[in-house]
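Peer 1: After the structure tokens below, expect a handful of questions from me.
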Amino acid sequence: MSIYDTLNPQQKEAVLHTEGPVLILAGAGSGKTRVLTHRIAYLIEEKGVNPWNIMAITFTNKAAGEMRERVDKIVGFGSESIWVSTFHSSCVRILRRYIDRLGFDHNFTIYDTDDQKSLMKDICKRLQIDTKVHKERAILSAISSAKDELVTPEEYELNNMSDFSKKKIAQAYKEYQKELRKNNALDFDDLIVKTVELFQACPDVLDYYQERFRYIMVDEYQDTNTAQFKFVSLLASKYKNLCVVGDDDQSIYKFRGANIGNILGFEKVFSDAKVIKLEQNYRSTQNILNSANEVIHNNIGRKEKSLWTDNEEGSLVHYRQFMNAYEEAEFIAGDISRKVREADCQYKDCAILYRTNAQSRLFEEKFLMANIPYKLVGGVNFYARKEIKDLLAYLKTVDNARDDLAVRRIINVPKRGIGATTLAKVQDYASEHDMSFYDALKEAENIPTLGRAAAKIEPFVTFVQSLRSKTEYFSPSELLNDIIEETGYVMELKAEGTEEADARIENIDELITKIVSYEEENEDPTLSGFLEEVALIADIDTVDGDGNQVLLMTLHSAKGLEFPYVYLAGMEDGIFPSYMTITADDPAELEEERRLCYVGITRAMKDLTLTCAQQRMIRGETQYNKPSRFIREIPRELVDLGRDFKEQKIKEIPLPNTMKQMKQAFKQPAFIPKQFEVKKSAGLSYNVGDTVKHIKFGVGVVKNIVEGGRDYEVTVDFDKSGTKKMFASFAKLKKVE
DNA sequence: GCTCGTCTTTTTTTT
DNA sequence: AAAGACGAGC
């Protein structure tokens, strides 16, 4: 009996079908990682493929790490020469070697979102773009979308000649790319785009990698964007041994450019593609899986499939509604304590998933109070913290002389009395002489406008030069220690003595630990290498199973993970699905939220709890929300409503500033009484002849209601906007009394 | 050039 | 609620 006999027939087929394009539609919990690792083993052991010729691509470092570990275990000798990495690190690795062909230096810097923003701020000033009209963030996100679609600045401009504000963006895009090049820097999107460019510009380089990667596997394929698809298809176009694994129901990154067409149209692009469906779920109980199936069934644009499981029925899905978010958090904290005490459950078996990072705070508070160990994933990235960015900027300055952004960040940290005026003068001089900002600093005494300020610059330049000279014989960690000593960074914080300063010092200690462990783990540790690792790390990557602690994270971060006990918190219309998607014109946005809900539910192995609050503080404002529509999509008989659901008391009613909204939150039941059919939406709260209100069109009279398959089509004559036809579930019409 | 206080804004999700 | 931007005053 071989290891392949432990696979089910579909899994086995996916493993044995090694030649040509393969699309594996792998439902949640259907053992896709197992298939991928076995497939790699099969390629090497049975097909005699050289491990060197295999590439496996994932989205997160964590997924890559896990895959690597499992591959190492199953393959043994030779596994280290398999490329198992993320899109981004694969591209960086290729670019570090060949980017000179595109006119960049090998030691290019990778800009994070903060860097991008400050660069864009500069550009807007220069191009006289009013950032009140065109926000930096909006411009950057337009640029990012363009890059996801492989649209160059020139093409973007051509495509948008007639649109004034897009023309502005085109200008900014052009300038932005110019600046990046000048600073010898790439942003996240560029890593993919430039690699594709490289492949297209240099057939010899492409050929080298095509020969190298004869067997390519892509995980979470539903989340690839157009650029990533191009990258993969270029690599695979010679040998065509491309195996992609994904689940269209788990596509949740459209906002980041993920092109669901990549998975839905795979068979069209690769016409001889073999399609294999994995539909047996090994993770969840029947009740959980059925709930998930019912919810996702409400989506229209999907490949039909039916996940099933041999697992036991399990307990019902729990649903609890609370007065406010405090009580919600308190309940979950208490419930976890109880489970750990009474049931066969450890802290690390539990995870709390929510829609937005802001929701984590209350849980943190309650957990601290209840003495529950927890780990928060996401929020402010460790490497985005001020103190970390400051120190990294020093390292970047030493590493890449052309990274103006880094130099400007630290030139006055600690205070050296160098202000905005001086910086502007140096910048002018640099632009005039077509040199980098730092090179201009080196010639400070030659800049006539500076006057006495030049004397303040000199020690800084000397300091950086001395650091640079040390790179020869100093390790990155020694260099960092040197910087901390010389700048007195930690000393200053110590002097402050505040709690915040202490936290910053702790973070710096953690940075030191990270740099040291980087040196230990790598044979040839370099400063560039460390900075690169740091730039590409995601928060989820640092989660390991070692600590016994409850995990707190967003639904997005939870993708690909599983936990015995899962809490989905904040199940409220307006939170999840988010307000943006409820009010959006495009129903596809709500479908993406529903997929997110599907992802959330299917994280749970044995026990799932859904909670919501009637009242919650959002951005300093109290909101009253109805229970999430997704809850209603779970059949009533799969849900445990809690013993005191019926006598749910309406306690002291808060101030009636938004009385209407509030009433709704209190009254709205999560489940409609039995006599209604569950599938057929909630029934309507208005009739023909009633006056209703629409969020956009205002007040109007209902003229007609037509019952459609899954929804009602309502015709309304609006006072201001005329007659409109709309679907009841999207229109969110409210009866006006 | 620096600091402090007030005003403004917050994409929901991230490699 | 909280962080960031901005301007007045030192």
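The way I read the labels, and the way they are meant: chains A, B, ... in the order of the structure tokens, residue 1 as the first residue of every chain, and ligand 1 as the first ligand shown, with later ones counted on from there.
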Please check the contacts: residues of chain B at most 10 Å away from chain A, using only C-alpha atoms (C1' of nucleotides), listed as a short mmCIF file (atom, residue, chain, number, x, y, z; two decimals) with C-alpha atoms (C1' of nucleotides), in the first residue's frame.
Peer 2:
```
data_model
loop_
_atom_site.label_atom_id
_atom_site.label_comp_id
_atom_site.auth_asym_id
_atom_site.auth_seq_id
_atom_site.Cartn_x
_atom_site.Cartn_y
_atom_site.Cartn_z
"C1'" DG B 1 12.40 75.05 13.71
"C1'" DC B 2 9.56 73.09 17.39
"C1'" DT B 10 -11.60 57.48 8.85
"C1'" DT B 11 -12.24 52.15 2.23
"C1'" DT B 12 -13.95 46.95 5.57
"C1'" DT B 13 -11.02 43.56 3.76
"C1'" DT B 14 -4.17 43.00 2.35
"C1'" DT B 15 0.40 40.78 -0.45
#
```
Peer 1: Distance limit 12 Å, atoms considered: only C-alpha atoms (C1' of nucleotides). Which chain C residues sit that close to chain A? Return them as a ChimeraX atom specification.
Peer 2: /C:1-3
Peer 1: Could you tell me how far CA of Met323 in chain A sits from CA of Arg616 in chain A, in Å to one decimal place?
Peer 2: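 Calculated distance between CA of Arg616 in chain A and CA of Met323 in chain A is 8.6 Å.
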Peer 1: Among range 206-350 of chain A, which residues carry a DSSP assignment of alpha helix (DSSP H), reported as a PyMOL selection string?
Peer 2: chain A and resi 206-212+226-236+261-264+266-269+286-296+325-342
Peer 1: What is the distance between CA of Pro9 in chain A and CA of Ile601 in chain A, in Å to one decimal?
Peer 2: 26.3 Å
Peer 1: Can you tell me which residues surround Asp573 in chain A at a distance of at most 9 Å, considering only C-alpha atoms (C1' of nucleotides), apart from same-chain residues fewer than 6 positions away, and format the answer as a list in words?
Peer 2: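 With the cut-off at 9 Å, the set is Tyr579, Ile582, Asn625, Lys626, Pro627, Ser628, Arg629 and Phe630 of chain A.
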Peer 1: List every residue of range 592-644 of chain A that DSSP, applied to the backbone of this structure, assigns to strand (DSSP E or B), and report them as a PyMOL selection string.
Peer 2: chain A and resi 604-618+621-624+627+639-640
Peer 1: Just to be explicit: take each residue in the selection above, keep N, CA and C atoms, and write the result as an mmCIF file, in the first residue's frame.
Peer 2:
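Below is the file part.cif, written as the result:
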```
data_model
loop_
_atom_site.group_PDB
_atom_site.id
_atom_site.type_symbol
_atom_site.label_atom_id
_atom_site.label_comp_id
_atom_site.auth_asym_id
_atom_site.auth_seq_id
_atom_site.Cartn_x
_atom_site.Cartn_y
_atom_site.Cartn_z
ATOM 1 N N ALA A 604 -14.865 26.529 10.812
ATOM 2 C CA ALA A 604 -15.201 25.813 12.047
ATOM 3 C C ALA A 604 -15.202 24.305 11.833
ATOM 4 N N MET A 605 -14.600 23.587 12.738
ATOM 5 C CA MET A 605 -14.581 22.136 12.649
ATOM 6 C C MET A 605 -15.746 21.516 13.417
ATOM 7 N N LYS A 606 -15.858 21.812 14.718
ATOM 8 C CA LYS A 606 -16.929 21.159 15.463
ATOM 9 C C LYS A 606 -17.994 22.091 16.019
ATOM 10 N N ASP A 607 -17.657 23.348 16.178
ATOM 11 C CA ASP A 607 -18.606 24.205 16.874
ATOM 12 C C ASP A 607 -18.523 25.632 16.334
ATOM 13 N N LEU A 608 -19.697 26.175 16.038
ATOM 14 C CA LEU A 608 -19.737 27.521 15.462
ATOM 15 C C LEU A 608 -20.732 28.378 16.228
ATOM 16 N N THR A 609 -20.306 29.572 16.605
ATOM 17 C CA THR A 609 -21.193 30.483 17.306
ATOM 18 C C THR A 609 -21.253 31.808 16.558
ATOM 19 N N LEU A 610 -22.459 32.267 16.274
ATOM 20 C CA LEU A 610 -22.646 33.551 15.603
ATOM 21 C C LEU A 610 -23.206 34.535 16.616
ATOM 22 N N THR A 611 -22.628 35.696 16.681
ATOM 23 C CA THR A 611 -23.144 36.674 17.637
ATOM 24 C C THR A 611 -23.352 38.023 16.966
ATOM 25 N N CYS A 612 -24.281 38.788 17.546
ATOM 26 C CA CYS A 612 -24.455 40.155 17.068
ATOM 27 C C CYS A 612 -24.932 41.014 18.228
ATOM 28 N N ALA A 613 -24.824 42.317 18.038
ATOM 29 C CA ALA A 613 -25.241 43.260 19.065
ATOM 30 C C ALA A 613 -26.263 44.209 18.463
ATOM 31 N N GLN A 614 -27.206 44.641 19.310
ATOM 32 C CA GLN A 614 -28.239 45.547 18.813
ATOM 33 C C GLN A 614 -27.699 46.952 18.682
ATOM 34 N N GLN A 615 -26.667 47.206 19.435
ATOM 35 C CA GLN A 615 -26.177 48.571 19.522
ATOM 36 C C GLN A 615 -24.661 48.506 19.578
ATOM 37 N N ARG A 616 -24.019 49.400 18.866
ATOM 38 C CA ARG A 616 -22.558 49.310 18.810
ATOM 39 C C ARG A 616 -21.984 50.662 18.454
ATOM 40 N N MET A 617 -20.830 50.950 19.020
ATOM 41 C CA MET A 617 -20.136 52.209 18.730
ATOM 42 C C MET A 617 -19.256 52.043 17.505
ATOM 43 N N ILE A 618 -19.488 52.861 16.508
ATOM 44 C CA ILE A 618 -18.628 52.847 15.328
ATOM 45 C C ILE A 618 -18.130 54.254 15.101
ATOM 46 N N GLU A 621 -19.721 56.902 17.036
ATOM 47 C CA GLU A 621 -21.155 57.067 16.885
ATOM 48 C C GLU A 621 -21.857 55.763 17.227
ATOM 49 N N THR A 622 -22.984 55.868 17.924
ATOM 50 C CA THR A 622 -23.711 54.653 18.248
ATOM 51 C C THR A 622 -24.585 54.240 17.072
ATOM 52 N N GLN A 623 -24.458 53.000 16.682
ATOM 53 C CA GLN A 623 -25.282 52.481 15.594
ATOM 54 C C GLN A 623 -26.215 51.388 16.106
ATOM 55 N N TYR A 624 -27.353 51.309 15.471
ATOM 56 C CA TYR A 624 -28.294 50.239 15.804
ATOM 57 C C TYR A 624 -28.468 49.377 14.566
ATOM 58 N N PRO A 627 -29.828 42.132 12.825
ATOM 59 C CA PRO A 627 -28.980 40.949 12.658
ATOM 60 C C PRO A 627 -28.662 40.752 11.183
ATOM 61 N N VAL A 639 -30.122 25.831 13.771
ATOM 62 C CA VAL A 639 -29.650 26.868 14.677
ATOM 63 C C VAL A 639 -30.188 26.692 16.087
ATOM 64 N N ASP A 640 -29.298 26.875 17.060
ATOM 65 C CA ASP A 640 -29.702 26.932 18.462
ATOM 66 C C ASP A 640 -29.759 28.396 18.842
#
```
Peer 1: With a distance cut-off of 12 Å and only C-alpha atoms (C1' of nucleotides), select the neighbouring residues of DC4 in chain B, excluding the residue or stretch itself and same-chain residues fewer than 6 positions from it, and output the selection as a ChimeraX atom specification.
Peer 2: /C:6-10
Peer 1: Could you save those same residues with all heavy atoms as a CSV table (one decimal), in the first residue's frame?
Peer 2:
```csv
chain,number,residue,atom,x,y,z
C,6,DC,P,-2.2,68.8,5.9
C,6,DC,OP1,-2.8,69.1,4.6
C,6,DC,OP2,-0.8,68.5,6.0
C,6,DC,O5',-2.5,70.1,6.9
C,6,DC,C5',-3.9,70.3,7.4
C,6,DC,C4',-3.8,71.4,8.3
C,6,DC,O4',-3.6,70.9,9.6
C,6,DC,C3',-2.8,72.5,8.0
C,6,DC,O3',-3.4,73.8,8.0
C,6,DC,C2',-1.8,72.4,9.2
C,6,DC,C1',-2.6,71.8,10.3
C,6,DC,N1,-1.9,71.0,11.3
C,6,DC,C2,-2.2,71.2,12.6
C,6,DC,O2,-3.1,72.0,13.0
C,6,DC,N3,-1.5,70.4,13.6
C,6,DC,C4,-0.6,69.6,13.2
C,6,DC,N4,0.0,68.9,14.1
C,6,DC,C5,-0.3,69.4,11.8
C,6,DC,C6,-0.9,70.1,10.9
C,7,DG,P,-2.7,75.0,7.4
C,7,DG,OP1,-3.5,75.5,6.3
C,7,DG,OP2,-1.2,74.7,7.3
C,7,DG,O5',-2.8,76.0,8.6
C,7,DG,C5',-4.0,76.0,9.4
C,7,DG,C4',-3.7,76.6,10.8
C,7,DG,O4',-3.0,75.7,11.6
C,7,DG,C3',-2.8,77.9,10.7
C,7,DG,O3',-3.3,78.9,11.6
C,7,DG,C2',-1.4,77.3,11.2
C,7,DG,C1',-1.9,76.3,12.2
C,7,DG,N9,-0.9,75.2,12.4
C,7,DG,C8,-0.2,74.5,11.4
C,7,DG,N7,0.6,73.6,11.9
C,7,DG,C5,0.3,73.6,13.3
C,7,DG,C6,0.9,72.9,14.3
C,7,DG,O6,1.7,72.0,14.2
C,7,DG,N1,0.4,73.2,15.6
C,7,DG,C2,-0.5,74.2,15.8
C,7,DG,N2,-0.9,74.5,17.0
C,7,DG,N3,-1.1,75.0,14.8
C,7,DG,C4,-0.6,74.6,13.6
C,8,DA,P,-2.8,80.3,11.6
C,8,DA,OP1,-3.9,81.2,11.1
C,8,DA,OP2,-1.4,80.4,10.9
C,8,DA,O5',-2.5,80.6,13.1
C,8,DA,C5',-3.5,80.2,14.1
C,8,DA,C4',-2.9,80.2,15.5
C,8,DA,O4',-2.0,79.0,15.6
C,8,DA,C3',-2.1,81.4,15.8
C,8,DA,O3',-2.4,81.8,17.2
C,8,DA,C2',-0.7,81.0,15.7
C,8,DA,C1',-0.8,79.5,16.0
C,8,DA,N9,0.2,78.7,15.3
C,8,DA,C8,0.5,78.7,13.9
C,8,DA,N7,1.4,77.8,13.6
C,8,DA,C5,1.7,77.1,14.8
C,8,DA,C6,2.6,76.1,15.0
C,8,DA,N6,3.3,75.5,14.1
C,8,DA,N1,2.7,75.7,16.3
C,8,DA,C2,1.9,76.3,17.2
C,8,DA,N3,1.0,77.3,17.1
C,8,DA,C4,1.0,77.6,15.8
C,9,DG,P,-1.9,83.1,17.7
C,9,DG,OP1,-2.9,83.6,18.6
C,9,DG,OP2,-1.4,84.0,16.6
C,9,DG,O5',-0.6,82.7,18.6
C,9,DG,C5',-0.8,81.7,19.6
C,9,DG,C4',0.5,81.3,20.1
C,9,DG,O4',1.2,80.5,19.1
C,9,DG,C3',1.5,82.4,20.5
C,9,DG,O3',2.1,82.1,21.7
C,9,DG,C2',2.5,82.3,19.3
C,9,DG,C1',2.5,80.8,19.0
C,9,DG,N9,3.1,80.4,17.7
C,9,DG,C8,2.8,81.0,16.5
C,9,DG,N7,3.4,80.4,15.5
C,9,DG,C5,4.1,79.4,16.1
C,9,DG,C6,5.0,78.4,15.6
C,9,DG,O6,5.3,78.2,14.4
C,9,DG,N1,5.5,77.5,16.6
C,9,DG,C2,5.2,77.6,17.9
C,9,DG,N2,5.8,76.7,18.7
C,9,DG,N3,4.4,78.6,18.5
C,9,DG,C4,3.9,79.4,17.5
C,10,DC,P,2.9,83.2,22.5
C,10,DC,OP1,2.3,83.3,23.8
C,10,DC,OP2,3.1,84.3,21.6
C,10,DC,O5',4.3,82.4,22.7
C,10,DC,C5',4.4,81.2,23.3
C,10,DC,C4',5.7,80.5,22.9
C,10,DC,O4',5.7,80.2,21.5
C,10,DC,C3',6.9,81.3,23.3
C,10,DC,O3',7.7,80.5,24.2
C,10,DC,C2',7.7,81.4,21.9
C,10,DC,C1',7.0,80.3,21.1
C,10,DC,N1,7.0,80.6,19.6
C,10,DC,C2,7.7,79.8,18.7
C,10,DC,O2,8.3,78.8,19.2
C,10,DC,N3,7.7,80.1,17.4
C,10,DC,C4,7.0,81.1,17.0
C,10,DC,N4,7.0,81.3,15.6
C,10,DC,C5,6.3,82.0,17.8
C,10,DC,C6,6.3,81.7,19.1
```
Peer 1: Neighbours of DG4 in chain C within 12 Å (only C-alpha atoms (C1' of nucleotides); same-chain residues fewer than 5 positions away dropped), as a tab-separated table (two decimals) with N, CA and C atoms (P, O5', C5', C4', C3', O3' and C1' of nucleotides), in the first residue's frame?
Peer 2:
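Written out: selection-v6.tsv:
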```tsv
chain	number	residue	atom	x	y	z
B	7	DC	P	-11.50	73.69	17.03
B	7	DC	O5'	-11.33	73.06	15.58
B	7	DC	C5'	-10.48	73.70	14.61
B	7	DC	C4'	-10.21	72.71	13.49
B	7	DC	C3'	-11.47	72.00	12.99
B	7	DC	O3'	-11.51	72.09	11.58
B	7	DC	C1'	-9.78	70.42	13.55
B	8	DT	P	-12.73	71.44	10.81
B	8	DT	O5'	-12.09	70.06	10.34
B	8	DT	C5'	-10.87	70.07	9.61
B	8	DT	C4'	-10.52	68.66	9.19
B	8	DT	C3'	-11.68	67.86	8.59
B	8	DT	O3'	-11.24	67.30	7.38
B	8	DT	C1'	-10.65	66.63	10.34
B	9	DT	P	-12.27	66.64	6.40
B	9	DT	O5'	-11.86	65.12	6.53
B	9	DT	C5'	-10.50	64.74	6.35
B	9	DT	C4'	-10.31	63.34	6.86
B	9	DT	C3'	-11.37	62.35	6.36
B	9	DT	O3'	-10.71	61.30	5.66
B	9	DT	C1'	-11.07	62.16	8.71
B	10	DT	P	-11.56	60.38	4.67
B	10	DT	O5'	-11.10	58.92	5.13
B	10	DT	C5'	-10.00	58.81	5.96
B	10	DT	C4'	-10.21	57.80	7.04
B	10	DT	C3'	-11.13	56.62	6.73
B	10	DT	O3'	-10.39	55.44	7.00
B	10	DT	C1'	-11.60	57.48	8.85
```
Peer 1: Interatomic distance between CA of Glu532 in chain A and CA of Ser237 in chain A?
Peer 2: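 According to the coordinates, CA of Glu532 in chain A and CA of Ser237 in chain A are separated by 28.9 Å.
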Peer 1: With only C-alpha atoms (C1' of nucleotides) as the counted atoms, please give the residues lying no more than 12 Å from range 431-439 of chain A, apart from itself and same-chain residues fewer than 3 positions off, as a PyMOL selection string.
Peer 2: chain A and resi 179+181-184+397-398+400-411+423-428+442-447+457-458+460-462+464-465
